[in-house]
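*Asks:* So here's run_4.txt, just compact mmCIF, N, CA and C atoms:
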# COMPACT_ATOMS: atom_id res chain seq x y z
N MET B 1 0.84 -1.18 0.00
CA MET B 1 0.00 0.00 0.00
C MET B 1 0.88 1.24 0.00
N ASP B 2 0.50 2.20 -0.76
CA ASP B 2 1.26 3.43 -0.85
C ASP B 2 0.88 4.34 0.32
N TYR B 3 1.84 4.63 1.17
CA TYR B 3 1.56 5.42 2.37
C TYR B 3 1.22 6.87 2.04
N ARG B 4 1.60 7.35 0.86
CA ARG B 4 1.29 8.73 0.48
C ARG B 4 -0.17 8.91 0.09
N LYS B 5 -0.82 7.82 -0.33
CA LYS B 5 -2.21 7.90 -0.77
C LYS B 5 -3.17 7.33 0.26
N SER B 6 -2.71 7.10 1.45
CA SER B 6 -3.53 6.49 2.48
C SER B 6 -4.55 7.49 3.02
N LYS B 7 -5.66 6.96 3.48
CA LYS B 7 -6.71 7.79 4.07
C LYS B 7 -6.60 7.80 5.59
N ALA B 8 -5.46 7.42 6.10
CA ALA B 8 -5.25 7.36 7.55
C ALA B 8 -5.26 8.78 8.13
N PRO B 9 -5.79 8.93 9.33
CA PRO B 9 -5.80 10.26 9.95
C PRO B 9 -4.40 10.68 10.36
N VAL B 10 -4.17 11.98 10.39
CA VAL B 10 -2.86 12.50 10.77
C VAL B 10 -2.75 12.56 12.29
N ASN B 11 -3.86 12.78 12.96
CA ASN B 11 -3.88 12.86 14.42
C ASN B 11 -4.38 11.56 15.02
N THR B 12 -4.18 11.42 16.31
CA THR B 12 -4.61 10.23 17.02
C THR B 12 -6.13 10.15 17.04
N VAL B 13 -6.65 8.94 16.83
CA VAL B 13 -8.09 8.71 16.81
C VAL B 13 -8.42 7.62 17.82
N THR B 14 -9.49 7.81 18.56
CA THR B 14 -9.92 6.78 19.49
C THR B 14 -10.59 5.66 18.71
N ARG B 15 -10.16 4.43 18.96
CA ARG B 15 -10.69 3.27 18.23
C ARG B 15 -11.50 2.40 19.17
N ASN B 16 -12.45 1.69 18.59
CA ASN B 16 -13.24 0.72 19.33
C ASN B 16 -12.42 -0.57 19.43
N ILE B 17 -12.12 -1.00 20.63
CA ILE B 17 -11.29 -2.19 20.83
C ILE B 17 -11.96 -3.42 20.26
N MET B 18 -13.25 -3.52 20.37
CA MET B 18 -13.95 -4.69 19.86
C MET B 18 -13.86 -4.77 18.34
N GLU B 19 -13.79 -3.63 17.68
CA GLU B 19 -13.64 -3.62 16.22
C GLU B 19 -12.26 -4.11 15.82
N LEU B 20 -11.24 -3.76 16.63
CA LEU B 20 -9.88 -4.18 16.32
C LEU B 20 -9.67 -5.68 16.52
N CYS B 21 -10.36 -6.26 17.48
CA CYS B 21 -10.15 -7.69 17.75
C CYS B 21 -11.17 -8.57 17.04
N LYS B 22 -11.98 -7.98 16.19
CA LYS B 22 -13.00 -8.73 15.47
C LYS B 22 -12.39 -9.81 14.57
N ASP B 23 -11.35 -9.49 13.83
CA ASP B 23 -10.76 -10.44 12.89
C ASP B 23 -9.95 -11.54 13.57
N THR B 24 -9.20 -11.17 14.60
CA THR B 24 -8.32 -12.14 15.25
C THR B 24 -8.96 -12.83 16.45
N GLY B 25 -9.92 -12.18 17.07
CA GLY B 25 -10.54 -12.72 18.27
C GLY B 25 -9.75 -12.40 19.53
N ASN B 26 -8.65 -11.68 19.39
CA ASN B 26 -7.80 -11.36 20.53
C ASN B 26 -7.17 -9.99 20.29
N ILE B 27 -7.37 -9.07 21.22
CA ILE B 27 -6.85 -7.71 21.04
C ILE B 27 -5.34 -7.70 21.01
N TYR B 28 -4.71 -8.60 21.76
CA TYR B 28 -3.25 -8.62 21.81
C TYR B 28 -2.65 -9.09 20.48
N GLU B 29 -3.28 -10.05 19.85
CA GLU B 29 -2.83 -10.48 18.52
C GLU B 29 -2.97 -9.33 17.53
N SER B 30 -4.07 -8.62 17.61
CA SER B 30 -4.30 -7.49 16.70
C SER B 30 -3.23 -6.42 16.89
N VAL B 31 -2.89 -6.13 18.14
CA VAL B 31 -1.88 -5.11 18.42
C VAL B 31 -0.51 -5.55 17.90
N VAL B 32 -0.18 -6.83 18.04
CA VAL B 32 1.10 -7.34 17.54
C VAL B 32 1.15 -7.24 16.01
N ILE B 33 0.06 -7.59 15.35
CA ILE B 33 0.00 -7.51 13.89
C ILE B 33 0.16 -6.07 13.44
N ILE B 34 -0.55 -5.16 14.09
CA ILE B 34 -0.46 -3.74 13.74
C ILE B 34 0.95 -3.22 14.00
N GLY B 35 1.56 -3.64 15.10
CA GLY B 35 2.91 -3.20 15.43
C GLY B 35 3.94 -3.68 14.42
N LYS B 36 3.83 -4.94 14.00
CA LYS B 36 4.78 -5.45 13.01
C LYS B 36 4.61 -4.74 11.67
N ARG B 37 3.37 -4.49 11.29
CA ARG B 37 3.13 -3.77 10.03
C ARG B 37 3.64 -2.33 10.13
N ALA B 38 3.48 -1.70 11.31
CA ALA B 38 3.97 -0.33 11.50
C ALA B 38 5.49 -0.29 11.35
N ASN B 39 6.18 -1.31 11.84
CA ASN B 39 7.64 -1.37 11.67
C ASN B 39 8.01 -1.49 10.20
N GLN B 40 7.28 -2.29 9.44
CA GLN B 40 7.54 -2.42 8.01
C GLN B 40 7.34 -1.09 7.29
N ILE B 41 6.27 -0.39 7.64
CA ILE B 41 5.98 0.91 7.02
C ILE B 41 7.06 1.92 7.38
N ALA B 42 7.50 1.93 8.64
CA ALA B 42 8.53 2.87 9.08
C ALA B 42 9.83 2.65 8.31
N VAL B 43 10.20 1.39 8.09
CA VAL B 43 11.42 1.09 7.34
C VAL B 43 11.28 1.58 5.90
N GLU B 44 10.10 1.38 5.32
CA GLU B 44 9.86 1.82 3.94
C GLU B 44 9.94 3.34 3.83
N ILE B 45 9.33 4.05 4.77
CA ILE B 45 9.36 5.51 4.75
C ILE B 45 10.78 6.02 4.94
N LYS B 46 11.51 5.42 5.88
CA LYS B 46 12.88 5.85 6.13
C LYS B 46 13.77 5.63 4.91
N ALA B 47 13.61 4.51 4.24
CA ALA B 47 14.41 4.24 3.04
C ALA B 47 14.08 5.24 1.94
N ASP B 48 12.80 5.55 1.79
CA ASP B 48 12.38 6.51 0.76
C ASP B 48 12.94 7.90 1.07
N LEU B 49 12.84 8.32 2.33
CA LEU B 49 13.35 9.62 2.73
C LEU B 49 14.87 9.69 2.55
N SER B 50 15.56 8.65 2.95
CA SER B 50 17.02 8.63 2.82
C SER B 50 17.44 8.72 1.36
N LYS B 51 16.71 8.02 0.50
CA LYS B 51 17.03 8.05 -0.93
C LYS B 51 16.85 9.46 -1.49
N LYS B 52 15.79 10.15 -1.08
CA LYS B 52 15.54 11.50 -1.58
C LYS B 52 16.54 12.50 -1.03
N LEU B 53 16.92 12.34 0.24
CA LEU B 53 17.87 13.28 0.85
C LEU B 53 19.29 13.02 0.38
N GLN B 54 19.57 11.81 -0.09
CA GLN B 54 20.90 11.48 -0.58
C GLN B 54 21.29 12.35 -1.76
N GLU B 55 20.32 12.80 -2.53
CA GLU B 55 20.60 13.66 -3.68
C GLU B 55 21.23 14.99 -3.26
N PHE B 56 20.93 15.43 -2.04
CA PHE B 56 21.41 16.72 -1.57
C PHE B 56 22.61 16.60 -0.66
N ALA B 57 23.12 15.40 -0.45
CA ALA B 57 24.23 15.20 0.47
C ALA B 57 25.51 15.83 -0.08
N SER B 58 26.23 16.49 0.81
CA SER B 58 27.54 17.03 0.45
C SER B 58 28.57 16.33 1.32
N TYR B 59 29.66 15.97 0.72
CA TYR B 59 30.67 15.19 1.42
C TYR B 59 31.89 16.05 1.74
N ASN B 60 31.66 17.11 2.49
CA ASN B 60 32.76 17.98 2.91
C ASN B 60 33.25 17.53 4.28
N ASP B 61 34.55 17.62 4.47
CA ASP B 61 35.12 17.25 5.76
C ASP B 61 35.06 18.40 6.76
N SER B 62 34.73 19.56 6.29
CA SER B 62 34.69 20.74 7.15
C SER B 62 33.36 20.80 7.89
N LEU B 63 33.43 20.87 9.21
CA LEU B 63 32.22 20.97 10.02
C LEU B 63 31.73 22.41 10.10
N GLU B 64 32.55 23.35 9.72
CA GLU B 64 32.17 24.75 9.81
C GLU B 64 31.15 25.14 8.75
N GLU B 65 31.19 24.47 7.62
CA GLU B 65 30.30 24.82 6.53
C GLU B 65 29.05 23.95 6.57
N VAL B 66 27.95 24.57 6.90
CA VAL B 66 26.67 23.86 6.88
C VAL B 66 25.76 24.63 5.93
N PHE B 67 25.29 23.92 4.93
CA PHE B 67 24.46 24.57 3.93
C PHE B 67 23.00 24.22 4.18
N GLU B 68 22.15 25.24 4.10
CA GLU B 68 20.72 25.00 4.17
C GLU B 68 20.20 24.90 2.75
N ASN B 69 19.62 23.78 2.45
CA ASN B 69 19.09 23.57 1.12
C ASN B 69 17.57 23.61 1.21
N ARG B 70 16.95 24.51 0.48
CA ARG B 70 15.51 24.72 0.55
C ARG B 70 14.73 23.46 0.16
N GLU B 71 15.17 22.75 -0.88
CA GLU B 71 14.48 21.54 -1.31
C GLU B 71 14.55 20.46 -0.24
N GLN B 72 15.69 20.36 0.40
CA GLN B 72 15.87 19.37 1.46
C GLN B 72 14.94 19.66 2.64
N ILE B 73 14.79 20.91 2.97
CA ILE B 73 13.90 21.30 4.07
C ILE B 73 12.45 21.00 3.70
N GLU B 74 12.06 21.28 2.46
CA GLU B 74 10.69 21.00 2.02
C GLU B 74 10.39 19.51 2.04
N ILE B 75 11.33 18.69 1.62
CA ILE B 75 11.15 17.24 1.65
C ILE B 75 10.97 16.76 3.09
N SER B 76 11.80 17.27 3.98
CA SER B 76 11.70 16.89 5.40
C SER B 76 10.36 17.30 5.99
N ARG B 77 9.89 18.48 5.66
CA ARG B 77 8.59 18.93 6.17
C ARG B 77 7.44 18.07 5.63
N TYR B 78 7.55 17.67 4.38
CA TYR B 78 6.52 16.82 3.79
C TYR B 78 6.43 15.50 4.56
N TYR B 79 7.56 14.90 4.85
CA TYR B 79 7.56 13.62 5.57
C TYR B 79 7.13 13.78 7.03
N GLU B 80 7.37 14.94 7.62
CA GLU B 80 6.91 15.19 8.98
C GLU B 80 5.39 15.28 9.05
N LYS B 81 4.75 15.74 7.97
CA LYS B 81 3.31 15.91 7.96
C LYS B 81 2.55 14.62 7.63
N LEU B 82 3.26 13.60 7.17
CA LEU B 82 2.60 12.32 6.87
C LEU B 82 2.08 11.68 8.16
N PRO B 83 1.04 10.85 8.05
CA PRO B 83 0.59 10.11 9.24
C PRO B 83 1.68 9.19 9.74
N LYS B 84 1.69 8.97 11.03
CA LYS B 84 2.69 8.10 11.65
C LYS B 84 2.46 6.66 11.20
N PRO B 85 3.51 5.84 11.19
CA PRO B 85 3.38 4.45 10.75
C PRO B 85 2.34 3.64 11.53
N THR B 86 2.17 3.91 12.81
CA THR B 86 1.16 3.18 13.58
C THR B 86 -0.25 3.51 13.12
N LEU B 87 -0.48 4.76 12.76
CA LEU B 87 -1.80 5.15 12.26
C LEU B 87 -2.05 4.53 10.89
N LEU B 88 -1.01 4.49 10.05
CA LEU B 88 -1.16 3.87 8.74
C LEU B 88 -1.44 2.37 8.88
N ALA B 89 -0.70 1.72 9.77
CA ALA B 89 -0.88 0.28 9.97
C ALA B 89 -2.26 -0.03 10.54
N THR B 90 -2.73 0.77 11.47
CA THR B 90 -4.07 0.57 12.04
C THR B 90 -5.14 0.73 10.97
N GLN B 91 -5.00 1.72 10.13
CA GLN B 91 -5.96 1.94 9.05
C GLN B 91 -5.97 0.76 8.09
N GLU B 92 -4.79 0.26 7.74
CA GLU B 92 -4.70 -0.91 6.85
C GLU B 92 -5.36 -2.12 7.50
N PHE B 93 -5.14 -2.31 8.79
CA PHE B 93 -5.71 -3.46 9.49
C PHE B 93 -7.23 -3.38 9.51
N ILE B 94 -7.76 -2.21 9.79
CA ILE B 94 -9.22 -2.04 9.84
C ILE B 94 -9.84 -2.26 8.47
N GLU B 95 -9.15 -1.80 7.41
CA GLU B 95 -9.67 -1.97 6.05
C GLU B 95 -9.49 -3.40 5.54
N GLY B 96 -8.74 -4.21 6.26
CA GLY B 96 -8.52 -5.60 5.84
C GLY B 96 -7.43 -5.76 4.80
N ASN B 97 -6.50 -4.82 4.73
CA ASN B 97 -5.43 -4.87 3.74
C ASN B 97 -4.15 -5.49 4.27
N VAL B 98 -4.20 -6.08 5.46
CA VAL B 98 -3.02 -6.70 6.05
C VAL B 98 -3.22 -8.22 6.06
N TYR B 99 -2.24 -8.93 5.51
CA TYR B 99 -2.28 -10.40 5.52
C TYR B 99 -1.42 -10.89 6.68
N TRP B 100 -1.94 -11.80 7.47
CA TRP B 100 -1.18 -12.41 8.54
C TRP B 100 -1.60 -13.86 8.69
N ARG B 101 -0.71 -14.60 9.32
CA ARG B 101 -1.04 -15.99 9.63
C ARG B 101 -0.31 -16.35 10.91
N ASP B 102 -0.85 -17.30 11.63
CA ASP B 102 -0.25 -17.77 12.87
C ASP B 102 0.26 -19.18 12.62
N PRO B 103 1.57 -19.38 12.52
CA PRO B 103 2.10 -20.70 12.20
C PRO B 103 1.73 -21.77 13.25
N SER B 104 1.60 -21.37 14.50
CA SER B 104 1.26 -22.36 15.53
C SER B 104 -0.17 -22.88 15.34
N LYS B 105 -1.05 -22.04 14.89
CA LYS B 105 -2.43 -22.48 14.66
C LYS B 105 -2.55 -23.33 13.40
N THR B 106 -1.80 -23.01 12.38
CA THR B 106 -1.89 -23.78 11.14
C THR B 106 -1.30 -25.18 11.32
N THR B 107 -0.26 -25.34 12.13
CA THR B 107 0.30 -26.67 12.36
C THR B 107 -0.64 -27.51 13.22
N GLU B 108 -1.32 -26.87 14.18
CA GLU B 108 -2.26 -27.59 15.02
C GLU B 108 -3.44 -28.10 14.17
N GLU B 109 -3.91 -27.25 13.24
CA GLU B 109 -5.02 -27.65 12.39
C GLU B 109 -4.61 -28.81 11.47
N ASN B 110 -3.38 -28.76 10.97
CA ASN B 110 -2.90 -29.84 10.11
C ASN B 110 -2.76 -31.14 10.88
N GLU B 111 -2.32 -31.07 12.15
CA GLU B 111 -2.19 -32.27 12.97
C GLU B 111 -3.56 -32.87 13.27
N ASP B 112 -4.56 -31.99 13.51
CA ASP B 112 -5.92 -32.49 13.79
C ASP B 112 -6.49 -33.17 12.56
N LYS B 113 -6.18 -32.69 11.38
CA LYS B 113 -6.69 -33.31 10.15
C LYS B 113 -6.06 -34.69 9.92
N ASP B 114 -4.81 -34.87 10.38
CA ASP B 114 -4.13 -36.15 10.20
C ASP B 114 -4.74 -37.23 11.10
N LEU B 115 -5.32 -36.84 12.19
CA LEU B 115 -5.89 -37.82 13.11
C LEU B 115 -7.14 -38.34 12.52
Show me the file's structure as structure tokens.
*Replies:*
Amino acid sequence: MDYRKSKAPVNTVTRNIMELCKDTGNIYESVVIIGKRANQIAVEIKADLSKKLQEFASYNDSLEEVFENREQIEISRYYEKLPKPTLLATQEFIEGNVYWRDPSKTTEENEDKDL
């Protein structure tokens, strides 16, 4: 999912706990799934930001010279205004756009079928 086109809120929103645990049956499983997805989104955003800022990197050994680059500042501000990864992950989870599986449950089901 493209985080730039997400309909996730920018500010914190109060969620219904029962709605979050509807798919998994357990609020803790839902929180773990959302947390893992948020980490994936954060890594993706960081890589994208680093790639864009790399274009403006200067490799001077002098610490006295610090250049302010207007484009670099605008890019940083744009990424600061994006919704946080946890909000994006929660929105994806509620919309049903997150795939997950529990390996312990799938092996138990397979063992029960063998009996």
*Asks:* Give as JSON, numbers by chain the set of residues within 6 Å of the point (-2.6, -6.1, 11.3), where distances use the file's coordinates and only N, CA and C atoms.
*Replies:* {"B": [30, 33, 34, 93, 98]}
*Asks:* Name the residues in contact with segment 45-50 of chain B at a cut-off of 9 Å, using only C-alpha atoms, excluding same-chain residues fewer than 5 positions from it; report them as a ChimeraX atom specification.
*Replies:* /B:3,40,55,75-76,79,85
*Asks:* Which residue is closest to Thr90 of chain B? Choose from B:Tyr78, B:Ile17, B:Arg37, B:Ser6 and count only N, CA and C atoms.
*Replies:*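 Distance minimum relative to Thr90 of chain B lands on B:Arg37.
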*Asks:* Please return, as a compact mmCIF listing (two decimals) with N, CA and C atoms, in the coordinates of the input, all residues of segment 10-102 of chain B that DSSP assigns to alpha helix (DSSP H) on the basis of the backbone.
*Replies:*
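Output (out28.txt):
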# COMPACT_ATOMS: atom_id res chain seq x y z
N ILE B 17 -12.12 -1.00 20.63
CA ILE B 17 -11.29 -2.19 20.83
C ILE B 17 -11.96 -3.42 20.26
N MET B 18 -13.25 -3.52 20.37
CA MET B 18 -13.95 -4.69 19.86
C MET B 18 -13.86 -4.77 18.34
N GLU B 19 -13.79 -3.63 17.68
CA GLU B 19 -13.64 -3.62 16.22
C GLU B 19 -12.26 -4.11 15.82
N LEU B 20 -11.24 -3.76 16.63
CA LEU B 20 -9.88 -4.18 16.32
C LEU B 20 -9.67 -5.68 16.52
N ILE B 27 -7.37 -9.07 21.22
CA ILE B 27 -6.85 -7.71 21.04
C ILE B 27 -5.34 -7.70 21.01
N TYR B 28 -4.71 -8.60 21.76
CA TYR B 28 -3.25 -8.62 21.81
C TYR B 28 -2.65 -9.09 20.48
N GLU B 29 -3.28 -10.05 19.85
CA GLU B 29 -2.83 -10.48 18.52
C GLU B 29 -2.97 -9.33 17.53
N SER B 30 -4.07 -8.62 17.61
CA SER B 30 -4.30 -7.49 16.70
C SER B 30 -3.23 -6.42 16.89
N VAL B 31 -2.89 -6.13 18.14
CA VAL B 31 -1.88 -5.11 18.42
C VAL B 31 -0.51 -5.55 17.90
N VAL B 32 -0.18 -6.83 18.04
CA VAL B 32 1.10 -7.34 17.54
C VAL B 32 1.15 -7.24 16.01
N ILE B 33 0.06 -7.59 15.35
CA ILE B 33 0.00 -7.51 13.89
C ILE B 33 0.16 -6.07 13.44
N ILE B 34 -0.55 -5.16 14.09
CA ILE B 34 -0.46 -3.74 13.74
C ILE B 34 0.95 -3.22 14.00
N GLY B 35 1.56 -3.64 15.10
CA GLY B 35 2.91 -3.20 15.43
C GLY B 35 3.94 -3.68 14.42
N LYS B 36 3.83 -4.94 14.00
CA LYS B 36 4.78 -5.45 13.01
C LYS B 36 4.61 -4.74 11.67
N ARG B 37 3.37 -4.49 11.29
CA ARG B 37 3.13 -3.77 10.03
C ARG B 37 3.64 -2.33 10.13
N ALA B 38 3.48 -1.70 11.31
CA ALA B 38 3.97 -0.33 11.50
C ALA B 38 5.49 -0.29 11.35
N ASN B 39 6.18 -1.31 11.84
CA ASN B 39 7.64 -1.37 11.67
C ASN B 39 8.01 -1.49 10.20
N GLN B 40 7.28 -2.29 9.44
CA GLN B 40 7.54 -2.42 8.01
C GLN B 40 7.34 -1.09 7.29
N ILE B 41 6.27 -0.39 7.64
CA ILE B 41 5.98 0.91 7.02
C ILE B 41 7.06 1.92 7.38
N ALA B 42 7.50 1.93 8.64
CA ALA B 42 8.53 2.87 9.08
C ALA B 42 9.83 2.65 8.31
N VAL B 43 10.20 1.39 8.09
CA VAL B 43 11.42 1.09 7.34
C VAL B 43 11.28 1.58 5.90
N GLU B 44 10.10 1.38 5.32
CA GLU B 44 9.86 1.82 3.94
C GLU B 44 9.94 3.34 3.83
N ILE B 45 9.33 4.05 4.77
CA ILE B 45 9.36 5.51 4.75
C ILE B 45 10.78 6.02 4.94
N LYS B 46 11.51 5.42 5.88
CA LYS B 46 12.88 5.85 6.13
C LYS B 46 13.77 5.63 4.91
N ALA B 47 13.61 4.51 4.24
CA ALA B 47 14.41 4.24 3.04
C ALA B 47 14.08 5.24 1.94
N ASP B 48 12.80 5.55 1.79
CA ASP B 48 12.38 6.51 0.76
C ASP B 48 12.94 7.90 1.07
N LEU B 49 12.84 8.32 2.33
CA LEU B 49 13.35 9.62 2.73
C LEU B 49 14.87 9.69 2.55
N SER B 50 15.56 8.65 2.95
CA SER B 50 17.02 8.63 2.82
C SER B 50 17.44 8.72 1.36
N LYS B 51 16.71 8.02 0.50
CA LYS B 51 17.03 8.05 -0.93
C LYS B 51 16.85 9.46 -1.49
N LYS B 52 15.79 10.15 -1.08
CA LYS B 52 15.54 11.50 -1.58
C LYS B 52 16.54 12.50 -1.03
N LEU B 53 16.92 12.34 0.24
CA LEU B 53 17.87 13.28 0.85
C LEU B 53 19.29 13.02 0.38
N GLN B 54 19.57 11.81 -0.09
CA GLN B 54 20.90 11.48 -0.58
C GLN B 54 21.29 12.35 -1.76
N ARG B 70 16.95 24.51 0.48
CA ARG B 70 15.51 24.72 0.55
C ARG B 70 14.73 23.46 0.16
N GLU B 71 15.17 22.75 -0.88
CA GLU B 71 14.48 21.54 -1.31
C GLU B 71 14.55 20.46 -0.24
N GLN B 72 15.69 20.36 0.40
CA GLN B 72 15.87 19.37 1.46
C GLN B 72 14.94 19.66 2.64
N ILE B 73 14.79 20.91 2.97
CA ILE B 73 13.90 21.30 4.07
C ILE B 73 12.45 21.00 3.70
N GLU B 74 12.06 21.28 2.46
CA GLU B 74 10.69 21.00 2.02
C GLU B 74 10.39 19.51 2.04
N ILE B 75 11.33 18.69 1.62
CA ILE B 75 11.15 17.24 1.65
C ILE B 75 10.97 16.76 3.09
N SER B 76 11.80 17.27 3.98
CA SER B 76 11.70 16.89 5.40
C SER B 76 10.36 17.30 5.99
N ARG B 77 9.89 18.48 5.66
CA ARG B 77 8.59 18.93 6.17
C ARG B 77 7.44 18.07 5.63
N TYR B 78 7.55 17.67 4.38
CA TYR B 78 6.52 16.82 3.79
C TYR B 78 6.43 15.50 4.56
N TYR B 79 7.56 14.90 4.85
CA TYR B 79 7.56 13.62 5.57
C TYR B 79 7.13 13.78 7.03
N GLU B 80 7.37 14.94 7.62
CA GLU B 80 6.91 15.19 8.98
C GLU B 80 5.39 15.28 9.05
N LYS B 81 4.75 15.74 7.97
CA LYS B 81 3.31 15.91 7.96
C LYS B 81 2.55 14.62 7.63
N PRO B 85 3.51 5.84 11.19
CA PRO B 85 3.38 4.45 10.75
C PRO B 85 2.34 3.64 11.53
N THR B 86 2.17 3.91 12.81
CA THR B 86 1.16 3.18 13.58
C THR B 86 -0.25 3.51 13.12
N LEU B 87 -0.48 4.76 12.76
CA LEU B 87 -1.80 5.15 12.26
C LEU B 87 -2.05 4.53 10.89
N LEU B 88 -1.01 4.49 10.05
CA LEU B 88 -1.16 3.87 8.74
C LEU B 88 -1.44 2.37 8.88
N ALA B 89 -0.70 1.72 9.77
CA ALA B 89 -0.88 0.28 9.97
C ALA B 89 -2.26 -0.03 10.54
N THR B 90 -2.73 0.77 11.47
CA THR B 90 -4.07 0.57 12.04
C THR B 90 -5.14 0.73 10.97
N GLN B 91 -5.00 1.72 10.13
CA GLN B 91 -5.96 1.94 9.05
C GLN B 91 -5.97 0.76 8.09
N GLU B 92 -4.79 0.26 7.74
CA GLU B 92 -4.70 -0.91 6.85
C GLU B 92 -5.36 -2.12 7.50
N PHE B 93 -5.14 -2.31 8.79
CA PHE B 93 -5.71 -3.46 9.49
C PHE B 93 -7.23 -3.38 9.51
N ILE B 94 -7.76 -2.21 9.79
CA ILE B 94 -9.22 -2.04 9.84
C ILE B 94 -9.84 -2.26 8.47
N GLU B 95 -9.15 -1.80 7.41
CA GLU B 95 -9.67 -1.97 6.05
C GLU B 95 -9.49 -3.40 5.54
*Asks:* Excluding segment 8-15 of chain B and any residue of its chain fewer than 6 positions from it, enumerate the residues within 6 Å of it, using only C-alpha atoms, and give them as a PyMOL selection string.
*Replies:* chain B and resi 83+88+91
*Asks:* Quick one: distance from atom CA of Glu29 of chain B to atom CA of Gly96 of chain B in Å, one decimal?
*Replies:*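 That distance, rounded to one decimal, is 14.7 Å.
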*Asks:* Axis-aligned box over every listed atom of segment 91-96 of chain B, padded by 8 Å per side: centre and edges in Å to one decimal, as AutoDock Vina command-line options?
*Replies:*
--center_x -7.3 --center_y -1.9 --center_z 7.5 --size_x 21.1 --size_y 23.7 --size_z 21.3
*Asks:* What separation in Å, quoted to one decimal, exists between atom N of Lys7 of chain B and atom CA of Val43 of chain B?
*Replies:*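 Distance between the two atoms: 18.5 Å.
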*Asks:* Between atom N of Ala89 of chain B and atom CA of Ala38 of chain B, what is the distance in Å, rounded to a tenth?
*Replies:*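 Answer for the atom N of Ala89 of chain B to atom CA of Ala38 of chain B separation: 5.4 Å.
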*Asks:* For Gly35 of chain B, which residue among B:Gln54, B:Thr86, B:Asn97, B:Thr106 is the nearest when counting only N, CA and C atoms?
*Replies:*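 When distances to Gly35 of chain B are compared using only N, CA and C atoms, the smallest one comes from B:Thr86.
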